[in-house]
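Student: This is the structure I have questions about; it appears just below.
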Amino acid sequence: MEPADVWGARWDACDNTLARQYMEVACSKQSLVILAADLNTMSGLNDLVDQVGPHIAALKTHVDLVDDWTAESWAGLCEKAKAHDLLIFEDQKFGDIGPISRGQMAGIYDIRSWANIVTAHGISGPDIVDGLCAGWTDVGREGGVLLLAQMSSRGNLLGLPGYTDEMIRAGVSNSGVFGFIGNGSRANELAELRQKVGNQKLIWTPGVNLAVGDGEMGQRYGDPRDAVLAGSDGIIVGSGIYKSDQKDEVAKAYADISWQALLERSDI
Ligand code: S5P
């Protein structure tokens with residue numbers, strides 16, 4: 001199916017190159033699953049991507065979780081991700097002032113050289129987006145920032161009056177912003193976020209699991225299908241996949257659910 005038909009108004013309004021790339025990959029793989037690969041060994045990460053690569057549309061990493069990280073082994077993982085057509089999304093949740101954020105894109109992990117997308121909080125103000133984009137520019141690359149507009153965890157402060165609205169205002173017309181993180185554990189809040197964001201930006205959604213309810217240490221889970229129907233463009237799934245004994249089958253199940261929900265949504 002053509003991305004323009006599947007994604008509807010989102011495809012037309014979201015003309016950011018990376019966003020379009022993601023929407024195309026999602027169509028070719030029939031999956032809106034972003035794998036949260038929260039493992040702490042390189043062999044675990046490589047095995048996981050080998051197993052579920054065909055069923056996912058992007059790879060989310062926490063590079064600083066890995067115990068046996070080396071630049072060479074990480075480059076190998078990134079190559080593997082590319083071979084599966086996956087955008088690489090490093091979930092640093094940056095939060096510092098612009099110049100420091102720019103510097104943090106370099107450092108030992110050199111995130112600017114391999115990540116296509118990074119997350120950021122807007123707590124320090126909107127210039128963090130410029131700082132992170134300058135990090136990519138420093139190595140002749142372009143990337144996109146996902147601003148945290150909501151969070152999935154219990155008691156988070158992003159729900160305080162005005163915060164989410166301010167994030168949307170700061171991000172919606174900024175070309176460095178790839179999209180927003182919206183909370184999958186509360187579909188009604190996600191629907192509200194989508195309404196406010198409009199079609200110009202993608203919304204990616206953690207806090208989704210087939211086992212709906214409370215997770216570990218304050219994590220909360222909502223239903224992945226409800227999240228997509230509420231306006232999410234990507235479901236971020238971690239333990240729901242990597243803790244399973246049948247990772248490939250479970251990843252495919254999440255892919256099918258997300259894809260069917262997207263098709264239903266585009267019927268409306
Ligand atoms: O609000 C958030 C934002 C993010 S990016 N809540 C989250 O859980 N995340 C990330 O999504 C978190 O860092 C983790 O990598 C993933 C959720 O993992 P799961 O195992 O709970 O599915």
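The way I read the labels, and the way they are meant: chains A, B, ... in the order of the structure tokens, residue 1 as the first residue of every chain, and ligand 1 as the first ligand shown, with later ones counted on from there.
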Which of range 48-144 of chain A end up as alpha helix (DSSP H) when DSSP is run on this backbone - answer as a PDB file with N, CA and C atoms, in the first residue's frame?
Tutor:
ATOM      1  N   LEU A  48      18.695  -9.943  19.657  1.00  0.00           N
ATOM      2  CA  LEU A  48      17.324  -9.399  19.652  1.00  0.00           C
ATOM      3  C   LEU A  48      16.987  -8.788  18.284  1.00  0.00           C
ATOM      4  N   VAL A  49      17.899  -7.981  17.760  1.00  0.00           N
ATOM      5  CA  VAL A  49      17.618  -7.356  16.458  1.00  0.00           C
ATOM      6  C   VAL A  49      17.565  -8.413  15.355  1.00  0.00           C
ATOM      7  N   ASP A  50      18.421  -9.430  15.451  1.00  0.00           N
ATOM      8  CA  ASP A  50      18.333 -10.539  14.474  1.00  0.00           C
ATOM      9  C   ASP A  50      16.951 -11.182  14.505  1.00  0.00           C
ATOM     10  N   GLN A  51      16.438 -11.370  15.716  1.00  0.00           N
ATOM     11  CA  GLN A  51      15.165 -12.096  15.842  1.00  0.00           C
ATOM     12  C   GLN A  51      13.963 -11.268  15.422  1.00  0.00           C
ATOM     13  N   VAL A  52      13.946 -10.003  15.794  1.00  0.00           N
ATOM     14  CA  VAL A  52      12.708  -9.240  15.577  1.00  0.00           C
ATOM     15  C   VAL A  52      12.825  -8.187  14.473  1.00  0.00           C
ATOM     16  N   ALA A  71      33.099   0.978  20.730  1.00  0.00           N
ATOM     17  CA  ALA A  71      32.706   1.738  19.537  1.00  0.00           C
ATOM     18  C   ALA A  71      32.520   0.791  18.349  1.00  0.00           C
ATOM     19  N   GLU A  72      33.390  -0.216  18.246  1.00  0.00           N
ATOM     20  CA  GLU A  72      33.324  -1.136  17.094  1.00  0.00           C
ATOM     21  C   GLU A  72      32.067  -1.994  17.160  1.00  0.00           C
ATOM     22  N   SER A  73      31.798  -2.534  18.352  1.00  0.00           N
ATOM     23  CA  SER A  73      30.626  -3.411  18.436  1.00  0.00           C
ATOM     24  C   SER A  73      29.343  -2.608  18.226  1.00  0.00           C
ATOM     25  N   TRP A  74      29.340  -1.370  18.689  1.00  0.00           N
ATOM     26  CA  TRP A  74      28.146  -0.539  18.493  1.00  0.00           C
ATOM     27  C   TRP A  74      27.955  -0.222  17.009  1.00  0.00           C
ATOM     28  N   ALA A  75      29.060   0.059  16.332  1.00  0.00           N
ATOM     29  CA  ALA A  75      28.967   0.326  14.882  1.00  0.00           C
ATOM     30  C   ALA A  75      28.372  -0.887  14.169  1.00  0.00           C
ATOM     31  N   GLY A  76      28.726  -2.075  14.631  1.00  0.00           N
ATOM     32  CA  GLY A  76      28.174  -3.302  14.038  1.00  0.00           C
ATOM     33  C   GLY A  76      26.666  -3.396  14.245  1.00  0.00           C
ATOM     34  N   LEU A  77      26.229  -3.036  15.451  1.00  0.00           N
ATOM     35  CA  LEU A  77      24.782  -3.064  15.730  1.00  0.00           C
ATOM     36  C   LEU A  77      24.045  -2.049  14.836  1.00  0.00           C
ATOM     37  N   CYS A  78      24.652  -0.885  14.675  1.00  0.00           N
ATOM     38  CA  CYS A  78      24.031   0.150  13.824  1.00  0.00           C
ATOM     39  C   CYS A  78      23.945  -0.325  12.381  1.00  0.00           C
ATOM     40  N   GLU A  79      24.972  -1.029  11.916  1.00  0.00           N
ATOM     41  CA  GLU A  79      24.941  -1.587  10.557  1.00  0.00           C
ATOM     42  C   GLU A  79      23.798  -2.584  10.421  1.00  0.00           C
ATOM     43  N   LYS A  80      23.652  -3.396  11.439  1.00  0.00           N
ATOM     44  CA  LYS A  80      22.568  -4.381  11.441  1.00  0.00           C
ATOM     45  C   LYS A  80      21.208  -3.673  11.379  1.00  0.00           C
ATOM     46  N   ALA A  81      21.075  -2.611  12.150  1.00  0.00           N
ATOM     47  CA  ALA A  81      19.812  -1.856  12.141  1.00  0.00           C
ATOM     48  C   ALA A  81      19.550  -1.291  10.744  1.00  0.00           C
ATOM     49  N   LYS A  82      20.590  -0.757  10.141  1.00  0.00           N
ATOM     50  CA  LYS A  82      20.426  -0.192   8.792  1.00  0.00           C
ATOM     51  C   LYS A  82      20.016  -1.266   7.796  1.00  0.00           C
ATOM     52  N   ALA A  83      20.612  -2.448   7.943  1.00  0.00           N
ATOM     53  CA  ALA A  83      20.267  -3.545   7.023  1.00  0.00           C
ATOM     54  C   ALA A  83      18.787  -3.920   7.156  1.00  0.00           C
ATOM     55  N   GLY A  98      21.362  24.499  25.584  1.00  0.00           N
ATOM     56  CA  GLY A  98      21.732  24.199  24.199  1.00  0.00           C
ATOM     57  C   GLY A  98      23.193  23.801  23.988  1.00  0.00           C
ATOM     58  N   PRO A  99      24.160  24.621  24.426  1.00  0.00           N
ATOM     59  CA  PRO A  99      25.563  24.302  24.137  1.00  0.00           C
ATOM     60  C   PRO A  99      26.020  22.987  24.764  1.00  0.00           C
ATOM     61  N   ILE A 100      25.529  22.676  25.955  1.00  0.00           N
ATOM     62  CA  ILE A 100      25.933  21.418  26.604  1.00  0.00           C
ATOM     63  C   ILE A 100      25.286  20.229  25.897  1.00  0.00           C
ATOM     64  N   SER A 101      24.045  20.400  25.512  1.00  0.00           N
ATOM     65  CA  SER A 101      23.380  19.323  24.767  1.00  0.00           C
ATOM     66  C   SER A 101      24.143  19.036  23.480  1.00  0.00           C
ATOM     67  N   ARG A 102      24.586  20.086  22.818  1.00  0.00           N
ATOM     68  CA  ARG A 102      25.393  19.914  21.611  1.00  0.00           C
ATOM     69  C   ARG A 102      26.639  19.075  21.911  1.00  0.00           C
ATOM     70  N   GLY A 103      27.303  19.420  23.006  1.00  0.00           N
ATOM     71  CA  GLY A 103      28.510  18.683  23.398  1.00  0.00           C
ATOM     72  C   GLY A 103      28.209  17.240  23.779  1.00  0.00           C
ATOM     73  N   GLN A 104      27.055  17.023  24.393  1.00  0.00           N
ATOM     74  CA  GLN A 104      26.699  15.653  24.807  1.00  0.00           C
ATOM     75  C   GLN A 104      26.370  14.758  23.621  1.00  0.00           C
ATOM     76  N   ASP A 127      15.647  26.026  23.207  1.00  0.00           N
ATOM     77  CA  ASP A 127      16.938  26.039  22.502  1.00  0.00           C
ATOM     78  C   ASP A 127      17.668  24.711  22.541  1.00  0.00           C
ATOM     79  N   ILE A 128      17.213  23.808  23.380  1.00  0.00           N
ATOM     80  CA  ILE A 128      17.831  22.481  23.399  1.00  0.00           C
ATOM     81  C   ILE A 128      17.737  21.828  22.018  1.00  0.00           C
ATOM     82  N   VAL A 129      16.667  22.114  21.301  1.00  0.00           N
ATOM     83  CA  VAL A 129      16.506  21.516  19.967  1.00  0.00           C
ATOM     84  C   VAL A 129      17.612  22.027  19.040  1.00  0.00           C
ATOM     85  N   ASP A 130      17.888  23.322  19.106  1.00  0.00           N
ATOM     86  CA  ASP A 130      18.971  23.876  18.275  1.00  0.00           C
ATOM     87  C   ASP A 130      20.311  23.270  18.667  1.00  0.00           C
ATOM     88  N   GLY A 131      20.520  23.089  19.976  1.00  0.00           N
ATOM     89  CA  GLY A 131      21.780  22.506  20.453  1.00  0.00           C
ATOM     90  C   GLY A 131      21.981  21.108  19.907  1.00  0.00           C
ATOM     91  N   LEU A 132      20.946  20.300  19.979  1.00  0.00           N
ATOM     92  CA  LEU A 132      21.062  18.908  19.509  1.00  0.00           C
ATOM     93  C   LEU A 132      21.246  18.873  17.988  1.00  0.00           C
ATOM     94  N   CYS A 133      20.519  19.744  17.292  1.00  0.00           N
ATOM     95  CA  CYS A 133      20.671  19.773  15.821  1.00  0.00           C
ATOM     96  C   CYS A 133      22.070  20.250  15.424  1.00  0.00           C
ATOM     97  N   ALA A 134      22.622  21.176  16.222  1.00  0.00           N
ATOM     98  CA  ALA A 134      24.000  21.626  15.944  1.00  0.00           C
ATOM     99  C   ALA A 134      24.967  20.462  16.122  1.00  0.00           C
ATOM    100  N   GLY A 135      24.665  19.562  17.067  1.00  0.00           N
ATOM    101  CA  GLY A 135      25.492  18.368  17.251  1.00  0.00           C
ATOM    102  C   GLY A 135      25.551  17.549  15.961  1.00  0.00           C
ATOM    103  N   TRP A 136      24.413  17.337  15.355  1.00  0.00           N
ATOM    104  CA  TRP A 136      24.414  16.588  14.080  1.00  0.00           C
ATOM    105  C   TRP A 136      25.152  17.362  12.989  1.00  0.00           C
ATOM    106  N   THR A 137      24.890  18.685  12.937  1.00  0.00           N
ATOM    107  CA  THR A 137      25.546  19.501  11.912  1.00  0.00           C
ATOM    108  C   THR A 137      27.065  19.414  12.037  1.00  0.00           C
ATOM    109  N   ASP A 138      27.561  19.324  13.266  1.00  0.00           N
ATOM    110  CA  ASP A 138      29.010  19.264  13.498  1.00  0.00           C
ATOM    111  C   ASP A 138      29.667  18.088  12.774  1.00  0.00           C
TER     112      ASP A 138
END
Student: Write out as a VMD selection string all residues of range 42-108 of chain A that DSSP puts in strand (DSSP E or B) for this structure's backbone.
Tutor: chain A and resid 58 to 61 87 to 94
Student: Please dump the current selection as a PDB file, in the first residue's frame; keep N, CA and C atoms.
Tutor:
ATOM      1  N   ALA A  58      11.534   0.757  13.753  1.00  0.00           N
ATOM      2  CA  ALA A  58      12.635   1.606  14.229  1.00  0.00           C
ATOM      3  C   ALA A  58      13.235   0.934  15.473  1.00  0.00           C
ATOM      4  N   LEU A  59      14.475   1.330  15.765  1.00  0.00           N
ATOM      5  CA  LEU A  59      15.185   0.745  16.912  1.00  0.00           C
ATOM      6  C   LEU A  59      15.494   1.837  17.928  1.00  0.00           C
ATOM      7  N   LYS A  60      14.998   1.659  19.144  1.00  0.00           N
ATOM      8  CA  LYS A  60      15.292   2.621  20.219  1.00  0.00           C
ATOM      9  C   LYS A  60      16.350   2.033  21.136  1.00  0.00           C
ATOM     10  N   THR A  61      17.363   2.839  21.422  1.00  0.00           N
ATOM     11  CA  THR A  61      18.464   2.363  22.267  1.00  0.00           C
ATOM     12  C   THR A  61      18.626   3.251  23.506  1.00  0.00           C
ATOM     13  N   LEU A  87      15.460   3.229  11.446  1.00  0.00           N
ATOM     14  CA  LEU A  87      16.014   4.457  12.009  1.00  0.00           C
ATOM     15  C   LEU A  87      16.474   4.146  13.427  1.00  0.00           C
ATOM     16  N   ILE A  88      17.564   4.772  13.840  1.00  0.00           N
ATOM     17  CA  ILE A  88      18.080   4.525  15.189  1.00  0.00           C
ATOM     18  C   ILE A  88      17.750   5.715  16.082  1.00  0.00           C
ATOM     19  N   PHE A  89      17.140   5.398  17.179  1.00  0.00           N
ATOM     20  CA  PHE A  89      16.575   6.409  18.070  1.00  0.00           C
ATOM     21  C   PHE A  89      17.222   6.221  19.448  1.00  0.00           C
ATOM     22  N   GLU A  90      18.115   7.131  19.796  1.00  0.00           N
ATOM     23  CA  GLU A  90      18.788   7.048  21.097  1.00  0.00           C
ATOM     24  C   GLU A  90      17.992   7.865  22.120  1.00  0.00           C
ATOM     25  N   ASP A  91      17.555   7.165  23.129  1.00  0.00           N
ATOM     26  CA  ASP A  91      16.611   7.741  24.088  1.00  0.00           C
ATOM     27  C   ASP A  91      17.344   8.340  25.292  1.00  0.00           C
ATOM     28  N   GLN A  92      18.131   9.382  25.044  1.00  0.00           N
ATOM     29  CA  GLN A  92      18.906  10.000  26.129  1.00  0.00           C
ATOM     30  C   GLN A  92      18.073  10.895  27.040  1.00  0.00           C
ATOM     31  N   LYS A  93      16.934  11.347  26.557  1.00  0.00           N
ATOM     32  CA  LYS A  93      16.130  12.338  27.291  1.00  0.00           C
ATOM     33  C   LYS A  93      17.045  13.483  27.744  1.00  0.00           C
ATOM     34  N   PHE A  94      17.700  14.089  26.775  1.00  0.00           N
ATOM     35  CA  PHE A  94      18.563  15.239  27.049  1.00  0.00           C
ATOM     36  C   PHE A  94      17.748  16.335  27.739  1.00  0.00           C
TER      37      PHE A  94
END
Student: Between chain A and ligand 1, at 6 Å or less, what are the per-residue closest atom pairs and their distances in Å? Count only C-alpha atoms and all ligand atoms, order by chain and rising residue number, and return it as a Markdown table.
Tutor:
| residue | atom | partner | partner_atom_place_in_ligand_line | distance |
| --- | --- | --- | --- | --- |
| A:Ala36 | CA | ligand 1 | 15 (O) | 5.0 |
| A:Asp38 | CA | ligand 1 | 15 (O) | 5.9 |
| A:Met151 | CA | ligand 1 | 1 (O) | 3.1 |
| A:Ser152 | CA | ligand 1 | 1 (O) | 4.0 |
| A:Ser153 | CA | ligand 1 | 1 (O) | 5.8 |
| A:Pro206 | CA | ligand 1 | 11 (O) | 4.7 |
| A:Gly207 | CA | ligand 1 | 8 (O) | 5.4 |
| A:Ile236 | CA | ligand 1 | 11 (O) | 5.9 |
| A:Val237 | CA | ligand 1 | 22 (O) | 4.2 |
| A:Gly238 | CA | ligand 1 | 22 (O) | 3.5 |
| A:Ser239 | CA | ligand 1 | 20 (O) | 3.6 |
| A:Gly240 | CA | ligand 1 | 22 (O) | 5.7 |
Student: Store the residues picked out above, limited to all heavy atoms, as a PDB file, in the first residue's frame.
Tutor:
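Once everything was written out, this is part.pdb:
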ATOM      1  N   ALA A  36      12.113  -1.026  21.952  1.00  0.00           N
ATOM      2  CA  ALA A  36      12.952  -0.462  23.011  1.00  0.00           C
ATOM      3  C   ALA A  36      13.910  -1.573  23.446  1.00  0.00           C
ATOM      4  O   ALA A  36      13.555  -2.453  24.225  1.00  0.00           O
ATOM      5  CB  ALA A  36      12.085   0.000  24.184  1.00  0.00           C
ATOM      6  N   ASP A  38      16.233  -2.536  25.499  1.00  0.00           N
ATOM      7  CA  ASP A  38      16.823  -2.180  26.795  1.00  0.00           C
ATOM      8  C   ASP A  38      17.594  -3.346  27.398  1.00  0.00           C
ATOM      9  O   ASP A  38      17.278  -3.810  28.501  1.00  0.00           O
ATOM     10  CB  ASP A  38      15.722  -1.696  27.750  1.00  0.00           C
ATOM     11  CG  ASP A  38      15.057  -0.423  27.251  1.00  0.00           C
ATOM     12  OD1 ASP A  38      15.705   0.332  26.498  1.00  0.00           O
ATOM     13  OD2 ASP A  38      13.895  -0.183  27.606  1.00  0.00           O
ATOM     14  N   MET A 151       4.582  11.647  29.654  1.00  0.00           N
ATOM     15  CA  MET A 151       5.329  10.444  30.019  1.00  0.00           C
ATOM     16  C   MET A 151       4.374   9.360  30.502  1.00  0.00           C
ATOM     17  O   MET A 151       3.241   9.646  30.905  1.00  0.00           O
ATOM     18  CB  MET A 151       6.396  10.743  31.080  1.00  0.00           C
ATOM     19  CG  MET A 151       7.565  11.543  30.520  1.00  0.00           C
ATOM     20  SD  MET A 151       9.020  11.520  31.586  1.00  0.00           S
ATOM     21  CE  MET A 151       9.681   9.881  31.263  1.00  0.00           C
ATOM     22  N   SER A 152       4.881   8.129  30.462  1.00  0.00           N
ATOM     23  CA  SER A 152       4.026   6.998  30.840  1.00  0.00           C
ATOM     24  C   SER A 152       4.059   6.711  32.338  1.00  0.00           C
ATOM     25  O   SER A 152       3.176   6.037  32.858  1.00  0.00           O
ATOM     26  CB  SER A 152       4.480   5.741  30.083  1.00  0.00           C
ATOM     27  OG  SER A 152       5.814   5.421  30.409  1.00  0.00           O
ATOM     28  N   SER A 153       5.062   7.214  33.022  1.00  0.00           N
ATOM     29  CA  SER A 153       5.277   6.791  34.411  1.00  0.00           C
ATOM     30  C   SER A 153       4.376   7.541  35.401  1.00  0.00           C
ATOM     31  O   SER A 153       4.087   8.730  35.231  1.00  0.00           O
ATOM     32  CB  SER A 153       6.748   6.995  34.779  1.00  0.00           C
ATOM     33  OG  SER A 153       7.181   8.263  34.320  1.00  0.00           O
ATOM     34  N   PRO A 206       5.367   5.295  24.267  1.00  0.00           N
ATOM     35  CA  PRO A 206       5.757   4.229  25.201  1.00  0.00           C
ATOM     36  C   PRO A 206       4.617   3.970  26.181  1.00  0.00           C
ATOM     37  O   PRO A 206       3.582   4.647  26.147  1.00  0.00           O
ATOM     38  CB  PRO A 206       6.943   4.842  25.936  1.00  0.00           C
ATOM     39  CG  PRO A 206       6.607   6.304  25.976  1.00  0.00           C
ATOM     40  CD  PRO A 206       5.803   6.617  24.741  1.00  0.00           C
ATOM     41  N   GLY A 207       4.827   2.967  27.053  1.00  0.00           N
ATOM     42  CA  GLY A 207       3.781   2.655  28.028  1.00  0.00           C
ATOM     43  C   GLY A 207       2.664   1.878  27.373  1.00  0.00           C
ATOM     44  O   GLY A 207       1.488   2.085  27.666  1.00  0.00           O
ATOM     45  N   ILE A 236       6.116   2.190  21.148  1.00  0.00           N
ATOM     46  CA  ILE A 236       7.438   1.853  21.682  1.00  0.00           C
ATOM     47  C   ILE A 236       7.248   0.683  22.643  1.00  0.00           C
ATOM     48  O   ILE A 236       6.610   0.834  23.690  1.00  0.00           O
ATOM     49  CB  ILE A 236       8.043   3.071  22.408  1.00  0.00           C
ATOM     50  CG1 ILE A 236       8.271   4.220  21.412  1.00  0.00           C
ATOM     51  CG2 ILE A 236       9.335   2.686  23.114  1.00  0.00           C
ATOM     52  CD1 ILE A 236       8.726   5.527  22.054  1.00  0.00           C
ATOM     53  N   VAL A 237       7.779  -0.477  22.271  1.00  0.00           N
ATOM     54  CA  VAL A 237       7.578  -1.673  23.104  1.00  0.00           C
ATOM     55  C   VAL A 237       8.936  -2.252  23.491  1.00  0.00           C
ATOM     56  O   VAL A 237       9.773  -2.537  22.607  1.00  0.00           O
ATOM     57  CB  VAL A 237       6.770  -2.759  22.355  1.00  0.00           C
ATOM     58  CG1 VAL A 237       6.438  -3.911  23.314  1.00  0.00           C
ATOM     59  CG2 VAL A 237       5.499  -2.189  21.751  1.00  0.00           C
ATOM     60  N   GLY A 238       9.151  -2.411  24.772  1.00  0.00           N
ATOM     61  CA  GLY A 238      10.398  -2.966  25.259  1.00  0.00           C
ATOM     62  C   GLY A 238      10.206  -4.346  25.840  1.00  0.00           C
ATOM     63  O   GLY A 238      10.198  -5.356  25.147  1.00  0.00           O
ATOM     64  N   SER A 239       9.981  -4.391  27.181  1.00  0.00           N
ATOM     65  CA  SER A 239       9.911  -5.677  27.871  1.00  0.00           C
ATOM     66  C   SER A 239       8.828  -6.587  27.313  1.00  0.00           C
ATOM     67  O   SER A 239       8.962  -7.810  27.373  1.00  0.00           O
ATOM     68  CB  SER A 239       9.714  -5.444  29.374  1.00  0.00           C
ATOM     69  OG  SER A 239       8.720  -4.466  29.598  1.00  0.00           O
ATOM     70  N   GLY A 240       7.760  -6.008  26.768  1.00  0.00           N
ATOM     71  CA  GLY A 240       6.703  -6.821  26.158  1.00  0.00           C
ATOM     72  C   GLY A 240       7.269  -7.734  25.087  1.00  0.00           C
ATOM     73  O   GLY A 240       6.733  -8.814  24.832  1.00  0.00           O
TER      74      GLY A 240
END
Student: From the list A:Ile117, A:Leu146, A:Leu65, A:Leu210, which residue is nearest Ala170 in chain A when using only C-alpha atoms?
Tutor: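 Of all the options, A:Leu146 lies closest to Ala170 in chain A.
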Student: Write out as a PDB file with N, CA, C and O atoms, in the first residue's frame each polymer residue whose atoms come within 10 Å of Tyr22 in chain A, counting only C-alpha atoms; drop sequence neighbours fewer than 4 positions from it.
Tutor:
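Below is the file selection-v5.pdb, written as the result:
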ATOM      1  N   THR A  17      11.927  14.870   6.286  1.00  0.00           N
ATOM      2  CA  THR A  17      12.479  13.709   5.558  1.00  0.00           C
ATOM      3  C   THR A  17      12.495  12.441   6.416  1.00  0.00           C
ATOM      4  O   THR A  17      12.134  11.358   5.944  1.00  0.00           O
ATOM      5  N   LEU A  18      12.943  12.586   7.665  1.00  0.00           N
ATOM      6  CA  LEU A  18      13.030  11.400   8.528  1.00  0.00           C
ATOM      7  C   LEU A  18      11.650  10.836   8.843  1.00  0.00           C
ATOM      8  O   LEU A  18      11.462   9.626   8.905  1.00  0.00           O
ATOM      9  N   ALA A  26       7.423   1.823   7.867  1.00  0.00           N
ATOM     10  CA  ALA A  26       6.275   1.239   8.567  1.00  0.00           C
ATOM     11  C   ALA A  26       5.344   0.550   7.567  1.00  0.00           C
ATOM     12  O   ALA A  26       4.830  -0.537   7.836  1.00  0.00           O
ATOM     13  N   CYS A  27       5.176   1.167   6.406  1.00  0.00           N
ATOM     14  CA  CYS A  27       4.302   0.554   5.386  1.00  0.00           C
ATOM     15  C   CYS A  27       4.945  -0.696   4.807  1.00  0.00           C
ATOM     16  O   CYS A  27       4.268  -1.714   4.615  1.00  0.00           O
ATOM     17  N   SER A  28       6.236  -0.632   4.525  1.00  0.00           N
ATOM     18  CA  SER A  28       6.833  -1.814   3.894  1.00  0.00           C
ATOM     19  C   SER A  28       6.910  -2.977   4.882  1.00  0.00           C
ATOM     20  O   SER A  28       6.792  -4.134   4.503  1.00  0.00           O
ATOM     21  N   LEU A  32       4.134  -0.665  13.183  1.00  0.00           N
ATOM     22  CA  LEU A  32       4.440   0.629  13.810  1.00  0.00           C
ATOM     23  C   LEU A  32       5.233   0.402  15.088  1.00  0.00           C
ATOM     24  O   LEU A  32       5.215   1.231  16.000  1.00  0.00           O
ATOM     25  N   ALA A  57       9.824  -1.245  13.026  1.00  0.00           N
ATOM     26  CA  ALA A  57       9.981  -0.127  12.093  1.00  0.00           C
ATOM     27  C   ALA A  57      11.055   0.867  12.536  1.00  0.00           C
ATOM     28  O   ALA A  57      11.418   1.763  11.776  1.00  0.00           O
ATOM     29  N   ALA A  58      11.534   0.757  13.753  1.00  0.00           N
ATOM     30  CA  ALA A  58      12.635   1.606  14.229  1.00  0.00           C
ATOM     31  C   ALA A  58      13.235   0.934  15.473  1.00  0.00           C
ATOM     32  O   ALA A  58      12.596   0.080  16.094  1.00  0.00           O
ATOM     33  N   ASP A  85      16.559  -1.614   7.658  1.00  0.00           N
ATOM     34  CA  ASP A  85      15.858  -0.356   7.336  1.00  0.00           C
ATOM     35  C   ASP A  85      15.351   0.392   8.564  1.00  0.00           C
ATOM     36  O   ASP A  85      14.303   1.042   8.507  1.00  0.00           O
ATOM     37  N   LEU A  86      16.065   0.281   9.661  1.00  0.00           N
ATOM     38  CA  LEU A  86      15.574   0.888  10.902  1.00  0.00           C
ATOM     39  C   LEU A  86      16.240   2.230  11.191  1.00  0.00           C
ATOM     40  O   LEU A  86      17.477   2.320  11.164  1.00  0.00           O
ATOM     41  N   LEU A  87      15.460   3.229  11.446  1.00  0.00           N
ATOM     42  CA  LEU A  87      16.014   4.457  12.009  1.00  0.00           C
ATOM     43  C   LEU A  87      16.474   4.146  13.427  1.00  0.00           C
ATOM     44  O   LEU A  87      15.833   3.351  14.129  1.00  0.00           O
ATOM     45  N   LEU A 202       4.824  13.661  14.092  1.00  0.00           N
ATOM     46  CA  LEU A 202       4.515  12.311  14.550  1.00  0.00           C
ATOM     47  C   LEU A 202       4.421  12.283  16.073  1.00  0.00           C
ATOM     48  O   LEU A 202       5.041  13.099  16.758  1.00  0.00           O
ATOM     49  N   ASP A 233       1.540   7.315  16.240  1.00  0.00           N
ATOM     50  CA  ASP A 233       2.099   6.851  14.963  1.00  0.00           C
ATOM     51  C   ASP A 233       3.175   5.799  15.150  1.00  0.00           C
ATOM     52  O   ASP A 233       3.746   5.316  14.163  1.00  0.00           O
ATOM     53  N   GLY A 234       3.501   5.476  16.388  1.00  0.00           N
ATOM     54  CA  GLY A 234       4.529   4.471  16.630  1.00  0.00           C
ATOM     55  C   GLY A 234       4.402   3.980  18.057  1.00  0.00           C
ATOM     56  O   GLY A 234       4.312   4.794  18.982  1.00  0.00           O
TER      57      GLY A 234
END
Student: As an exercise, work out the distance from CA of Lys196 in chain A to CA of Val177 in chain A in Å and give it to one decimal place.
Tutor: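 Between CA of Lys196 in chain A and CA of Val177 in chain A the gap works out to 15.6 Å.
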Student: Determine, counting only C-alpha atoms, which protein, DNA and RNA residues have an atom within 12 Å of an atom of range 183-195 of chain A; residues of the same chain fewer than 5 positions away are not included. Present the result as a ChimeraX atom specification.
Tutor: /A:10,148-154,156,158-159,163-169,172,200-215,218-237
Student: Determine the nearest neighbour of Val250 in chain A from the options A:Thr70, A:Ile56, A:Gly182, A:Met23, counting only C-alpha atoms.
Tutor: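 Checking each of A:Thr70, A:Ile56, A:Gly182, A:Met23 against Val250 in chain A, counting only C-alpha atoms, the winner is A:Ile56.
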Student: May I ask which of the residues A:Val118, A:Ile111, A:Ala19, A:Val63 is the closest one to Met42 in chain A, counting only C-alpha atoms?
Tutor: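 Among A:Val118, A:Ile111, A:Ala19, A:Val63, it is A:Val63 that comes nearest to Met42 in chain A.
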Student: From the set A:Ala9, A:His55, A:Gly144, A:Met105, which residue has the shortest atom-to-atom contact distance to Asp248 in chain A, counting only C-alpha atoms?
Tutor: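 Counting only C-alpha atoms, the residue closest to Asp248 in chain A is A:His55.
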Student: Measure the distance from CA of Ala255 in chain A to CA of Val33 in chain A in Å and round it to one decimal.
Tutor: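 Between CA of Ala255 in chain A and CA of Val33 in chain A the gap is 5.7 Å.
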Student: I'd like the interatomic distance between CA of Val66 in chain A and CA of Asp47 in chain A, to a tenth of an Å.
Tutor: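 Those two atoms sit 14.2 Å apart.
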